>>> print(open('structure.csv').read())   # CSV, C-alpha atoms
chain,number,residue,atom,x,y,z
A,1,MET,CA,0.0,0.0,0.0
A,2,LYS,CA,2.9,2.4,0.8
A,3,ILE,CA,4.3,1.9,-2.7
A,4,PHE,CA,0.9,2.8,-4.2
A,5,TYR,CA,0.8,6.1,-2.4
A,6,LEU,CA,4.4,6.8,-3.4
A,7,VAL,CA,3.5,6.2,-7.0
A,8,ILE,CA,0.5,8.5,-6.7
A,9,ILE,CA,2.6,11.3,-5.0
A,10,ASN,CA,5.2,10.9,-7.7
A,11,CYS,CA,2.7,11.2,-10.5
A,12,PHE,CA,1.2,14.3,-8.9
A,13,LEU,CA,4.6,15.9,-8.6
A,14,LEU,CA,5.6,15.1,-12.2
A,15,ILE,CA,2.3,16.4,-13.5
A,16,SER,CA,2.8,19.6,-11.6
A,17,LEU,CA,6.3,20.0,-13.0
A,18,VAL,CA,5.2,19.3,-16.6
A,19,SER,CA,2.3,21.8,-16.2
A,20,ALA,CA,4.6,24.5,-14.9
A,21,ALA,CA,7.1,23.9,-17.7
A,22,ASP,CA,4.4,24.1,-20.3
A,23,GLU,CA,3.0,27.3,-18.8
A,24,TYR,CA,6.4,29.1,-19.2
A,25,SER,CA,7.6,27.4,-22.4
A,26,ILE,CA,8.3,29.2,-25.6
A,27,LYS,CA,5.5,28.4,-28.1
A,28,PRO,CA,6.4,28.2,-31.8
A,29,GLU,CA,3.3,30.3,-32.7
A,30,ASN,CA,4.8,33.2,-30.8
A,31,GLN,CA,7.4,34.3,-33.4
A,32,LYS,CA,7.5,38.0,-32.4
A,33,TYR,CA,10.4,38.5,-30.0
A,34,HIS,CA,10.6,41.0,-27.2
A,35,PHE,CA,13.5,41.5,-24.9
A,36,GLU,CA,13.8,44.0,-22.1
A,37,CYS,CA,17.4,44.8,-22.0
A,38,TRP,CA,17.6,47.5,-19.3
A,39,GLU,CA,15.1,49.4,-17.4
A,40,ASN,CA,14.5,51.9,-20.3
A,41,PHE,CA,15.6,49.9,-23.3
A,42,ASN,CA,14.2,47.0,-25.3
A,43,ILE,CA,14.6,45.1,-28.6
A,44,ASP,CA,11.8,43.7,-30.6
A,45,VAL,CA,11.9,41.6,-33.8
A,46,GLU,CA,8.7,42.2,-35.7
A,47,GLY,CA,8.8,40.1,-38.8
A,48,ASN,CA,12.1,40.8,-40.4
A,49,THR,CA,12.6,44.2,-38.8
A,50,VAL,CA,14.7,44.8,-35.7
A,51,VAL,CA,13.1,47.6,-33.5
A,52,ILE,CA,15.3,49.1,-30.8
A,53,ASN,CA,13.3,51.2,-28.4
A,54,HIS,CA,14.8,53.6,-25.9
A,55,TYR,CA,12.1,55.1,-23.7
A,56,GLY,CA,14.0,57.2,-21.3
A,57,ALA,CA,14.1,61.0,-21.0
A,58,ASN,CA,15.4,61.3,-24.5
A,59,GLY,CA,13.5,58.3,-25.8
A,60,SER,CA,13.6,57.3,-29.4
A,61,LEU,CA,12.9,54.4,-31.7
A,62,VAL,CA,15.4,52.8,-34.2
A,63,GLU,CA,14.1,50.4,-36.8
A,64,ILE,CA,16.4,48.4,-39.1
A,65,SER,CA,14.7,46.5,-41.9
A,66,GLU,CA,16.0,43.3,-43.5
A,67,ASN,CA,17.0,45.2,-46.7
A,68,GLY,CA,19.0,47.8,-44.7
A,69,ASP,CA,16.4,50.6,-44.4
A,70,LEU,CA,17.0,52.7,-41.3
A,71,PHE,CA,14.3,54.6,-39.5
A,72,ILE,CA,14.8,56.8,-36.4
A,73,ASP,CA,11.5,57.9,-34.8
A,74,ARG,CA,9.7,56.6,-37.9
A,75,GLU,CA,11.6,58.9,-40.2
A,76,LYS,CA,13.7,57.3,-42.9
A,77,VAL,CA,17.4,58.0,-42.7
A,78,LYS,CA,19.4,58.3,-45.9
A,79,THR,CA,22.3,56.0,-46.0
A,80,ASP,CA,25.0,55.0,-48.5
A,81,ARG,CA,25.5,51.6,-50.0
A,82,GLN,CA,28.2,50.5,-47.4
A,83,SER,CA,26.0,51.7,-44.5
A,84,ARG,CA,23.0,49.8,-46.0
A,85,GLU,CA,25.1,46.6,-46.2
A,86,LEU,CA,26.2,47.1,-42.5
A,87,LEU,CA,22.5,47.6,-41.6
A,88,GLN,CA,21.5,44.4,-43.4
A,89,ASP,CA,24.3,42.6,-41.5
A,90,TYR,CA,23.2,44.0,-38.2
A,91,ASN,CA,19.6,43.1,-38.8
A,92,GLN,CA,20.5,39.5,-39.8
A,93,MET,CA,23.0,39.1,-37.0
A,94,MET,CA,20.5,40.5,-34.4
A,95,ARG,CA,17.7,38.2,-35.5
A,96,THR,CA,20.0,35.2,-35.6
A,97,LEU,CA,21.4,36.0,-32.1
A,98,ILE,CA,17.9,36.5,-30.6
A,99,SER,CA,16.6,33.3,-32.2
A,100,SER,CA,19.6,31.3,-31.0
A,101,ALA,CA,19.3,32.7,-27.5
A,102,GLU,CA,15.7,31.7,-27.3
A,103,LYS,CA,16.5,28.2,-28.4
A,104,ILE,CA,19.3,27.9,-25.8
A,105,GLY,CA,16.9,29.3,-23.1
A,106,PHE,CA,14.3,26.7,-24.0
A,107,GLU,CA,16.9,23.9,-23.9
A,108,ALA,CA,18.2,25.1,-20.5
A,109,ALA,CA,14.6,25.0,-19.2
A,110,LYS,CA,14.2,21.5,-20.5
A,111,ILE,CA,17.5,20.4,-18.8
A,112,GLY,CA,16.3,22.2,-15.6
A,113,GLY,CA,13.1,20.2,-15.8
A,114,LYS,CA,15.0,17.0,-16.2
A,115,GLY,CA,17.1,17.9,-13.2
A,116,ALA,CA,13.9,18.5,-11.1
A,117,GLU,CA,12.5,15.2,-12.3
A,118,LEU,CA,15.8,13.5,-11.3
A,119,GLY,CA,15.4,15.0,-7.8
A,120,LEU,CA,11.9,13.7,-7.5
A,121,GLU,CA,13.1,10.3,-8.6
A,122,ALA,CA,15.7,10.4,-5.9
A,123,VAL,CA,13.2,11.2,-3.2
A,124,SER,CA,10.8,8.5,-4.4
A,125,GLY,CA,13.7,6.1,-4.7
A,126,ILE,CA,14.7,6.6,-1.1
A,127,LEU,CA,11.2,5.9,0.0
A,128,THR,CA,11.1,2.8,-2.2
A,129,VAL,CA,14.4,1.6,-0.7
A,130,MET,CA,12.9,2.0,2.8
A,131,CYS,CA,9.7,0.1,1.8
A,132,THR,CA,11.1,-2.7,-0.5
A,133,ASP,CA,14.1,-4.9,-1.2
A,134,LEU,CA,15.7,-2.3,-3.5
A,135,GLU,CA,19.3,-1.7,-2.4
A,136,MET,CA,20.6,1.9,-2.0
A,137,ASP,CA,23.6,1.1,-4.2
A,138,ASP,CA,21.3,0.1,-7.0
A,139,LEU,CA,19.3,3.3,-6.6
A,140,GLU,CA,22.6,5.4,-6.5
A,141,ASP,CA,23.9,3.7,-9.7
A,142,LYS,CA,20.6,4.3,-11.6
A,143,LEU,CA,20.5,8.0,-10.5
A,144,ASP,CA,24.2,8.5,-11.2
A,145,LYS,CA,23.8,7.3,-14.8
A,146,LYS,CA,20.9,9.7,-15.3
A,147,ALA,CA,22.8,12.6,-13.7
A,148,LYS,CA,25.9,12.0,-15.9
A,149,LYS,CA,23.7,12.0,-19.0
A,150,LEU,CA,22.1,15.3,-17.8
A,151,GLU,CA,25.6,16.7,-17.2
A,152,ARG,CA,26.6,15.9,-20.8
A,153,GLU,CA,23.6,17.7,-22.1
A,154,ALA,CA,24.4,20.7,-20.0
A,155,TYR,CA,28.0,20.8,-21.3
A,156,LYS,CA,26.8,20.7,-24.9
A,157,LEU,CA,24.4,23.6,-24.1
A,158,GLU,CA,27.3,25.5,-22.5
A,159,ALA,CA,29.3,25.1,-25.7
A,160,ARG,CA,26.4,26.5,-27.7
A,161,ALA,CA,26.2,29.4,-25.3
A,162,LYS,CA,29.9,30.1,-25.9
A,163,GLU,CA,29.2,30.3,-29.6
A,164,LEU,CA,26.3,32.7,-28.9
A,165,GLU,CA,28.7,34.9,-26.9
A,166,GLU,CA,31.1,35.0,-29.9
A,167,GLN,CA,28.1,36.0,-32.2
A,168,ALA,CA,27.3,38.8,-29.7
A,169,GLU,CA,30.8,40.1,-29.9
A,170,GLU,CA,30.7,40.1,-33.7
A,171,LEU,CA,27.4,42.0,-33.5
A,172,GLU,CA,29.0,44.5,-31.2
A,173,VAL,CA,31.7,45.3,-33.8
A,174,VAL,CA,29.0,45.8,-36.5
A,175,HIS,CA,27.1,48.0,-34.0
A,176,ASP,CA,30.1,50.2,-33.4
A,177,ASN,CA,30.8,50.4,-37.2
A,178,LEU,CA,27.2,51.6,-37.7
A,179,LYS,CA,27.6,54.2,-35.0
A,180,ASN,CA,30.8,55.5,-36.6
A,181,ARG,CA,29.4,55.5,-40.1
A,182,ILE,CA,25.9,57.0,-39.6
A,183,ASP,CA,25.8,60.3,-37.8
A,184,GLU,CA,22.1,60.0,-36.9
A,185,LEU,CA,22.9,56.8,-34.9
A,186,ASP,CA,26.0,58.4,-33.4
A,187,GLU,CA,23.9,61.3,-32.1
A,188,LEU,CA,21.8,58.9,-30.1
A,189,GLU,CA,23.7,58.6,-26.9
A,190,TRP,CA,22.1,55.3,-26.0
A,191,PHE,CA,22.7,53.5,-29.2
>>> encode(input="structure.csv", output="structure tokens")
Amino acid sequence: MKIFYLVIINCFLLISLVSAADEYSIKPENQKYHFECWENFNIDVEGNTVVINHYGANGSLVEISENGDLFIDREKVKTDRQSRELLQDYNQMMRTLISSAEKIGFEAAKIGGKGAELGLEAVSGILTVMCTDLEMDDLEDKLDKKAKKLEREAYKLEARAKELEEQAEELEVVHDNLKNRIDELDELEWF
């Protein structure tokens, strides 16, 4: 009878965990990205346009289209061919970076969920050891194998995060080049 209750409790905890994970998961139908960067600054991707919004005392809006059009406060800024190419690169790099960051965040949440599930399995395993013939060494071996697999997944994710960091550094170089080439961007203290 004790095992029956342990199974029921385990099922309840796992259902709660899955429900919570689903509640906060990233849904594929939500393709519009929104990131609060600081208390007065955010980045949105709307379709193929990157929108950078600074809403402080000197708030302004910068929009960079996929084809390199630049708008500041909804007014088109004239740019030369090289600047347009940089704007195109910036748009593509920003959208790729944001999409990759979202995927890594989702994978991290999945790994976290698996870690919580492993913790629940450990708790229920200890109760099972207390109530059955299962040996603690057997439980430890089983949990250790699962923990090592989870650790390998986390290391792979960490490597992907390092790549993301390198992409962000490349984006920063393009950002600085844009600021140096386009006076209207340079005049924005926050950009």
>>> residues_around(input="structure.csv", residues="range 36-49 of chain A", least_positions_apart="5", cutoff="12 Å", atoms="only C-alpha atoms", output="MDAnalysis selection string")
chainID A and resid 30:31 54:71 87:88 90:99 190:191
>>> write_last_selection(input="structure.csv", atoms="C-alpha atoms", output="PDB file, in the frame of the given file")
ATOM      1  CA  ASN A  30       4.800  33.200 -30.800  1.00  0.00           C
ATOM      2  CA  GLN A  31       7.400  34.300 -33.400  1.00  0.00           C
ATOM      3  CA  HIS A  54      14.800  53.600 -25.900  1.00  0.00           C
ATOM      4  CA  TYR A  55      12.100  55.100 -23.700  1.00  0.00           C
ATOM      5  CA  GLY A  56      14.000  57.200 -21.300  1.00  0.00           C
ATOM      6  CA  ALA A  57      14.100  61.000 -21.000  1.00  0.00           C
ATOM      7  CA  ASN A  58      15.400  61.300 -24.500  1.00  0.00           C
ATOM      8  CA  GLY A  59      13.500  58.300 -25.800  1.00  0.00           C
ATOM      9  CA  SER A  60      13.600  57.300 -29.400  1.00  0.00           C
ATOM     10  CA  LEU A  61      12.900  54.400 -31.700  1.00  0.00           C
ATOM     11  CA  VAL A  62      15.400  52.800 -34.200  1.00  0.00           C
ATOM     12  CA  GLU A  63      14.100  50.400 -36.800  1.00  0.00           C
ATOM     13  CA  ILE A  64      16.400  48.400 -39.100  1.00  0.00           C
ATOM     14  CA  SER A  65      14.700  46.500 -41.900  1.00  0.00           C
ATOM     15  CA  GLU A  66      16.000  43.300 -43.500  1.00  0.00           C
ATOM     16  CA  ASN A  67      17.000  45.200 -46.700  1.00  0.00           C
ATOM     17  CA  GLY A  68      19.000  47.800 -44.700  1.00  0.00           C
ATOM     18  CA  ASP A  69      16.400  50.600 -44.400  1.00  0.00           C
ATOM     19  CA  LEU A  70      17.000  52.700 -41.300  1.00  0.00           C
ATOM     20  CA  PHE A  71      14.300  54.600 -39.500  1.00  0.00           C
ATOM     21  CA  LEU A  87      22.500  47.600 -41.600  1.00  0.00           C
ATOM     22  CA  GLN A  88      21.500  44.400 -43.400  1.00  0.00           C
ATOM     23  CA  TYR A  90      23.200  44.000 -38.200  1.00  0.00           C
ATOM     24  CA  ASN A  91      19.600  43.100 -38.800  1.00  0.00           C
ATOM     25  CA  GLN A  92      20.500  39.500 -39.800  1.00  0.00           C
ATOM     26  CA  MET A  93      23.000  39.100 -37.000  1.00  0.00           C
ATOM     27  CA  MET A  94      20.500  40.500 -34.400  1.00  0.00           C
ATOM     28  CA  ARG A  95      17.700  38.200 -35.500  1.00  0.00           C
ATOM     29  CA  THR A  96      20.000  35.200 -35.600  1.00  0.00           C
ATOM     30  CA  LEU A  97      21.400  36.000 -32.100  1.00  0.00           C
ATOM     31  CA  ILE A  98      17.900  36.500 -30.600  1.00  0.00           C
ATOM     32  CA  SER A  99      16.600  33.300 -32.200  1.00  0.00           C
ATOM     33  CA  TRP A 190      22.100  55.300 -26.000  1.00  0.00           C
ATOM     34  CA  PHE A 191      22.700  53.500 -29.200  1.00  0.00           C
TER      35      PHE A 191
END
>>> atom_distance(input="structure.csv", atom1="CA of Lys110 in chain A", atom2="CA of Asp141 in chain A")
23.0 Å
>>> closest_residue(input="structure.csv", among="A:Asp138, A:Glu102, A:Ile72, A:Cys131", to="Asp186 in chain A", atoms="all atoms listed in the file")
A:Ile72
>>> closest_residue(input="structure.csv", among="A:Lys148, A:Arg74, A:His34, A:Arg84", to="Asn177 in chain A", atoms="all atoms listed in the file")
A:Arg84
>>> atom_distance(input="structure.csv", atom1="CA of Ala101 in chain A", atom2="CA of Ala161 in chain A")
8.0 Å
>>> atom_distance(input="structure.csv", atom1="CA of Lys156 in chain A", atom2="CA of Ile104 in chain A")
10.4 Å
>>> closest_residue(input="structure.csv", among="A:Arg152, A:Lys32, A:Lys146, A:Lys103", to="Gly119 in chain A", atoms="all atoms listed in the file")
A:Lys146
>>> closest_residue(input="structure.csv", among="A:Glu153, A:Ala159, A:Gly125, A:Arg181", to="Asp137 in chain A", atoms="all atoms listed in the file")
A:Gly125
